[in-house]
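For reference, the structure discussed in these notes is given below.
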Amino acid sequence: MYRKLLIAIDPEDDGEGKRALEAAVDLLAEDGELHLASVYSPGGGGFFPHVTEEAPEQKEAEVRETLDLLARKYLPLNRNASFHVVAGTAGDKLVGLAGQLCADLLVLVSRGSSGHWPLRRATVEYVSVNAPCPVLVLPSLEKAEPGAKDEESD
């Protein structure tokens with residue numbers, strides 16, 4: 001069991017959020033801390049597709065609200081989470097946040113090369129290599145569905 005988990009979440013992908021939160025709850029110690037993070041590029045077109053040309057403060061508030069809704073929807077009532085919404089390069093910010101929080105595990109959902117964001121794969125690789133803690137990369141739901149029978153037997 002891990003005491004401090006950091007999860008990178010795309011708040012616009014409900015399935016990804018659900019998958020990551022369910023995995024985290026299973027891995028988190030009873031008195032553990034759960035941290036949800038989303039990174040956006042202040043110039044637009046960042047790690048997550050929800051980024052638009054609005055003011056950074058407005059982006060941050062909207063993402064924070066969406067993270068809160070995801071947490072309320074998918075976390076058990078006895079669990080809560082801290083939210084971290086930061087602007088910058090996703091890989092750098094996630095690695096830095098993991099170090100700052102002294103995270104025991106960083107959880108990512110990978111879309112691989114089939115996702116909407118071709119940089120996602122590079123970001124997952126960067127975080128996996130540079131994080132100051134172990135990294136768990138969950139396959140995306142789209143990727144998992146064709147072989148779902150194989151995964152269900154694990």
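By convention here, the chains of the structure tokens are called A, B, ... in the order presented, each chain's residues are numbered starting at 1, and ligands are numbered starting at 1 in the order presented.
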request  = Per DSSP on the backbone, filter stretch 2-130 of chain A down to the residues in strand (DSSP E) and report them as number ranges by chain.
outcome  = A: 2-8, 28-40, 82-87, 105-110
key: Non-local contacts of A:Ala87 (7 Å; only C-alpha atoms; under 6 positions in same chain excluded) as a VMD selection string   = chain A and resid 39 to 42
Save out the residues we just selected, all heavy atoms, as a short mmCIF file (atom, residue, chain, number, x, y, z; two decimals), in the first residue's frame.
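File produced: part11.cif:
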data_model
loop_
_atom_site.label_atom_id
_atom_site.label_comp_id
_atom_site.auth_asym_id
_atom_site.auth_seq_id
_atom_site.Cartn_x
_atom_site.Cartn_y
_atom_site.Cartn_z
N VAL A 39 -2.22 19.25 -15.94
CA VAL A 39 -1.28 20.24 -16.43
C VAL A 39 -1.81 20.81 -17.74
O VAL A 39 -2.27 20.07 -18.60
CB VAL A 39 0.11 19.62 -16.67
CG1 VAL A 39 1.10 20.66 -17.16
CG2 VAL A 39 0.63 18.94 -15.40
N TYR A 40 -1.75 22.12 -17.87
CA TYR A 40 -2.16 22.75 -19.13
C TYR A 40 -1.08 23.71 -19.59
O TYR A 40 -0.27 24.18 -18.80
CB TYR A 40 -3.51 23.46 -19.00
CG TYR A 40 -3.48 24.68 -18.10
CD1 TYR A 40 -3.18 25.94 -18.64
CD2 TYR A 40 -3.74 24.58 -16.75
CE1 TYR A 40 -3.16 27.05 -17.83
CE2 TYR A 40 -3.71 25.68 -15.93
CZ TYR A 40 -3.42 26.93 -16.47
OH TYR A 40 -3.39 28.02 -15.67
N SER A 41 -1.08 23.96 -20.86
CA SER A 41 -0.14 24.92 -21.44
C SER A 41 -0.82 26.28 -21.47
O SER A 41 -1.89 26.43 -22.04
CB SER A 41 0.23 24.49 -22.86
OG SER A 41 1.00 25.49 -23.48
N PRO A 42 -0.22 27.30 -20.85
CA PRO A 42 -0.86 28.61 -20.81
C PRO A 42 -1.02 29.24 -22.20
O PRO A 42 -1.85 30.10 -22.40
CB PRO A 42 0.06 29.45 -19.93
CG PRO A 42 1.34 28.73 -19.89
CD PRO A 42 1.06 27.29 -20.16
#
ask   = Among stretch 34-101 of chain A, which ones does DSSP place in helix (DSSP H, G or I), written as a ChimeraX atom specification?
value = /A:56-74,90-101
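When the distance limit is 9 Å and only C-alpha atoms are what count, the residues near stretch 15-19 of chain A, minus those fewer than 4 positions from it on the same chain, are A:Ala8, A:Ile9, A:Asp10, A:Pro11, A:Ala23, A:Ala24, A:Leu67, A:Leu70, A:Ala71, A:Lys73, A:Tyr74, A:Leu75, A:Val109, A:Leu138, A:Ser140, A:Leu141.
Using only C-alpha atoms, the protein and nucleic acid residues lying no more than 12 Å from stretch 76-80 of chain A, apart from those fewer than 3 places from it along its own chain, are Leu5, Lys18, Leu21, Glu22, Ala24, Val25, Asp26, Leu28, Ala29, Glu30, Asp31, Gly32, Glu33, Leu34, His35, Leu36, Leu67, Asp68, Leu69, Leu70, Ala71, Arg72, Lys73 and Phe83 of chain A.
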For those residues, write N, CA, C and O atoms to a file as an mmCIF file, in the first residue's frame.
data_model
loop_
_atom_site.group_PDB
_atom_site.id
_atom_site.type_symbol
_atom_site.label_atom_id
_atom_site.label_comp_id
_atom_site.auth_asym_id
_atom_site.auth_seq_id
_atom_site.Cartn_x
_atom_site.Cartn_y
_atom_site.Cartn_z
ATOM 1 N N LEU A 5 -0.150 9.099 -3.138
ATOM 2 C CA LEU A 5 -0.323 8.826 -4.564
ATOM 3 C C LEU A 5 -0.625 10.111 -5.326
ATOM 4 O O LEU A 5 -1.460 10.909 -4.903
ATOM 5 N N LYS A 18 -12.020 7.832 -14.116
ATOM 6 C CA LYS A 18 -12.579 6.710 -13.353
ATOM 7 C C LYS A 18 -11.556 5.593 -13.197
ATOM 8 O O LYS A 18 -11.350 5.070 -12.103
ATOM 9 N N LEU A 21 -8.704 6.672 -10.787
ATOM 10 C CA LEU A 21 -9.151 6.770 -9.397
ATOM 11 C C LEU A 21 -9.440 5.399 -8.792
ATOM 12 O O LEU A 21 -9.111 5.147 -7.633
ATOM 13 N N GLU A 22 -10.045 4.500 -9.557
ATOM 14 C CA GLU A 22 -10.295 3.151 -9.047
ATOM 15 C C GLU A 22 -8.996 2.424 -8.735
ATOM 16 O O GLU A 22 -8.883 1.759 -7.704
ATOM 17 N N ALA A 24 -6.147 3.824 -7.988
ATOM 18 C CA ALA A 24 -5.512 4.500 -6.854
ATOM 19 C C ALA A 24 -6.124 4.071 -5.527
ATOM 20 O O ALA A 24 -5.407 3.831 -4.551
ATOM 21 N N VAL A 25 -7.439 3.970 -5.477
ATOM 22 C CA VAL A 25 -8.113 3.566 -4.236
ATOM 23 C C VAL A 25 -7.644 2.178 -3.813
ATOM 24 O O VAL A 25 -7.429 1.913 -2.634
ATOM 25 N N ASP A 26 -7.456 1.291 -4.768
ATOM 26 C CA ASP A 26 -6.982 -0.059 -4.462
ATOM 27 C C ASP A 26 -5.548 -0.060 -3.931
ATOM 28 O O ASP A 26 -5.168 -0.957 -3.182
ATOM 29 N N LEU A 28 -3.968 2.684 -2.379
ATOM 30 C CA LEU A 28 -3.743 3.675 -1.338
ATOM 31 C C LEU A 28 -3.973 3.090 0.057
ATOM 32 O O LEU A 28 -4.971 2.404 0.297
ATOM 33 N N ALA A 29 -3.037 3.365 0.947
ATOM 34 C CA ALA A 29 -3.172 2.932 2.340
ATOM 35 C C ALA A 29 -4.403 3.600 2.962
ATOM 36 O O ALA A 29 -4.848 4.661 2.499
ATOM 37 N N GLU A 30 -4.929 2.997 4.004
ATOM 38 C CA GLU A 30 -6.130 3.501 4.678
ATOM 39 C C GLU A 30 -6.010 4.984 5.036
ATOM 40 O O GLU A 30 -6.940 5.753 4.857
ATOM 41 N N ASP A 31 -4.861 5.398 5.536
ATOM 42 C CA ASP A 31 -4.661 6.797 5.926
ATOM 43 C C ASP A 31 -3.813 7.563 4.900
ATOM 44 O O ASP A 31 -3.244 8.599 5.201
ATOM 45 N N GLY A 32 -3.755 7.047 3.676
ATOM 46 C CA GLY A 32 -2.925 7.652 2.639
ATOM 47 C C GLY A 32 -3.513 8.926 2.051
ATOM 48 O O GLY A 32 -4.685 9.235 2.220
ATOM 49 N N GLU A 33 -2.640 9.671 1.361
ATOM 50 C CA GLU A 33 -3.031 10.920 0.712
ATOM 51 C C GLU A 33 -3.162 10.694 -0.790
ATOM 52 O O GLU A 33 -2.303 10.069 -1.403
ATOM 53 N N LEU A 34 -4.210 11.248 -1.368
ATOM 54 C CA LEU A 34 -4.439 11.152 -2.797
ATOM 55 C C LEU A 34 -4.372 12.553 -3.397
ATOM 56 O O LEU A 34 -5.025 13.477 -2.913
ATOM 57 N N HIS A 35 -3.562 12.703 -4.433
ATOM 58 C CA HIS A 35 -3.385 13.987 -5.105
ATOM 59 C C HIS A 35 -3.720 13.820 -6.584
ATOM 60 O O HIS A 35 -3.180 12.941 -7.249
ATOM 61 N N LEU A 36 -4.622 14.668 -7.098
ATOM 62 C CA LEU A 36 -4.987 14.649 -8.507
ATOM 63 C C LEU A 36 -4.358 15.862 -9.182
ATOM 64 O O LEU A 36 -4.471 16.978 -8.673
ATOM 65 N N LEU A 67 -11.986 18.401 -11.798
ATOM 66 C CA LEU A 67 -11.308 17.419 -10.944
ATOM 67 C C LEU A 67 -12.145 17.127 -9.701
ATOM 68 O O LEU A 67 -12.273 15.978 -9.281
ATOM 69 N N ASP A 68 -12.729 18.169 -9.130
ATOM 70 C CA ASP A 68 -13.578 18.002 -7.948
ATOM 71 C C ASP A 68 -14.790 17.129 -8.283
ATOM 72 O O ASP A 68 -15.146 16.226 -7.517
ATOM 73 N N LEU A 69 -15.405 17.367 -9.429
ATOM 74 C CA LEU A 69 -16.555 16.551 -9.843
ATOM 75 C C LEU A 69 -16.161 15.095 -10.060
ATOM 76 O O LEU A 69 -16.882 14.182 -9.651
ATOM 77 N N LEU A 70 -15.009 14.866 -10.699
ATOM 78 C CA LEU A 70 -14.527 13.494 -10.895
ATOM 79 C C LEU A 70 -14.303 12.799 -9.555
ATOM 80 O O LEU A 70 -14.675 11.643 -9.373
ATOM 81 N N ALA A 71 -13.681 13.508 -8.623
ATOM 82 C CA ALA A 71 -13.409 12.926 -7.304
ATOM 83 C C ALA A 71 -14.711 12.586 -6.584
ATOM 84 O O ALA A 71 -14.849 11.506 -6.004
ATOM 85 N N ARG A 72 -15.680 13.491 -6.628
ATOM 86 C CA ARG A 72 -16.955 13.226 -5.965
ATOM 87 C C ARG A 72 -17.702 12.071 -6.630
ATOM 88 O O ARG A 72 -18.408 11.314 -5.957
ATOM 89 N N LYS A 73 -17.522 11.930 -7.928
ATOM 90 C CA LYS A 73 -18.226 10.885 -8.664
ATOM 91 C C LYS A 73 -17.608 9.503 -8.454
ATOM 92 O O LYS A 73 -18.330 8.509 -8.329
ATOM 93 N N PHE A 83 -6.177 18.749 -5.034
ATOM 94 C CA PHE A 83 -6.103 19.029 -6.463
ATOM 95 C C PHE A 83 -4.933 19.954 -6.770
ATOM 96 O O PHE A 83 -4.683 20.902 -6.037
#
message = Here is a test: counting only C-alpha atoms, which residue of A:Val63, A:Met1, A:Ala20, A:Val129 is nearest to A:Val107?
response = A:Ala20
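Atom CA of A:Gln58 is positioned 26.7 Å from atom CA of A:Val127.
You will find atom CA of A:Leu94 at 19.9 Å from atom CA of A:Asp14.
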task = Figure out the distance between atom CA of A:Ala98 and atom CA of A:Pro132, please, to one decimal in Å.
result = 6.8 Å
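Distance annotation: of A:Ala90, A:Val135, A:Ile7, A:Val85, the residue with the minimal separation from A:Lys59 is A:Val85; atom set is only C-alpha atoms.
Comparing the minimum interatomic distances between A:Leu101 and each of A:Ala131, A:Arg120, A:Tyr126, A:Pro139, counting only C-alpha atoms, we find that A:Ala131 sits nearest.
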